[in-house]
Amino acid sequence: MFNMFSIFKEHRHNAKQIFMLARTELKKDYKGSFLGAGWALIKPLFTLFIYWFAFGVGLRMSSKINGLPRFDFMLVGFIPWFFINDSILFGSQSIRRNRQFVVKMHFPVSNIMTFTLLEKFFVHLMLTALMCVYLFFNGYYPTVHTIQFFYYAPMMFLFFLALSWSTAPMSAFSRDFENFIKSIITGLFWMSGITWDSYALDSVWLHRLMLLNPINYFVNGYRKAFIYHEWFFEYSTETIVFLLEFLLIAILGMYNYKRFRTKLPDVL
């Protein structure tokens with residue numbers, strides 16, 4: 001019976017190849033440009049510059065959120081969002097974009113989603129390092145709470161990897177599903193507490209609803225680690241809800257992957 005151990009076995013036998021493909025994928029995405037993979041950093045950094053100029057220079061009348069400079073608050077939310085955005089979009093497209101591995105080669109389909117997200121995770125780590133440098137020179141020094149990054153970052157990778165086990169096969173079967181994901185991504189951004197403080201909501205039911213948003217969980221988690229200096233277990237309800245969601249997404253992902261994987265070569 002297909003289960004989590006089968007996926008783990010597929011990855012164990014192809015671990016080195018997965019890392020090589022992730023690196024190759026990063027080079028391929030920017031092939032032909034002078035700066036190459038450097039664009040993977042330049043594009044999000046340019047986005048951050050625009051927000052810094054808008055909120056740090058142009059809109060000084062509303063320059064504080066939760067006692068923090070608005071740009072600093074938003075910066076720590078944007079860094080996980082860049083990875084989440086790419087994971088949702090490229091994760092859902094990963095099988096269709098790499099159909100040669102499914103049609104022409106004997107290659108475990110689950111590994112396609114892994115090296116696709118791993119490529120984005122490499123970029124995420126570099127952006128996080130740059131963020132830490134900025135925060136350090138602006139008075140946000142590392143504390144013991146900063147080690148929570150080593151909880152939030154891997155959990156974020158695993159959560160959206162598990163999500164891609166469902167979205168990638170479904171997108172391969174239906175362009176409409178892929179277009180649906182593209183159409184909701186902007187809404188997810190504005191609903192996920194990246195530019196505003198979800199803990200400051202006055203409405204009790206909205207606050208509870210935000211507990212169901214895993215993107216909000218990671219955004220606030222990074223702020224706890226880097227600028228709030230709080231522990232994730234101080235928010236026990238939030239963490240329990242997320243872990244239950246993660247379990248549900250992983251189970252659904254394994255089910256959908258098992259259901260679709262043998263049919264993918266015929267569809268592609």
# chains A, B, ... in the order shown; residues from 1 in each chain; ligands from 1
>>> residues_around(residues="stretch 71-77 of chain A", least_positions_apart="5", cutoff="8 Å", atoms="only C-alpha atoms", output="JSON, numbers by chain")
{"A": [48, 51, 52, 55, 56, 63, 65, 131, 135, 193, 194, 195, 196, 219, 220, 222, 223, 226]}
>>> residues_around(residues="A:Phe101", least_positions_apart="4", cutoff="12 Å", atoms="only C-alpha atoms", output="PyMOL selection string")
chain A and resi 21+94-97+105-113+264-265+268
>>> closest_residue(among="A:Ser164, A:Asn213, A:Ser192, A:Ser203", to="A:Ile249", atoms="only C-alpha atoms")
A:Ser164
>>> select_by_dssp(residues="stretch 30-246 of chain A", states="alpha helix (DSSP H)", output="PyMOL selection string")
chain A and resi 39-51+70-97+99-103+109-137+149-173+175-190+204-210+214-223+236-246
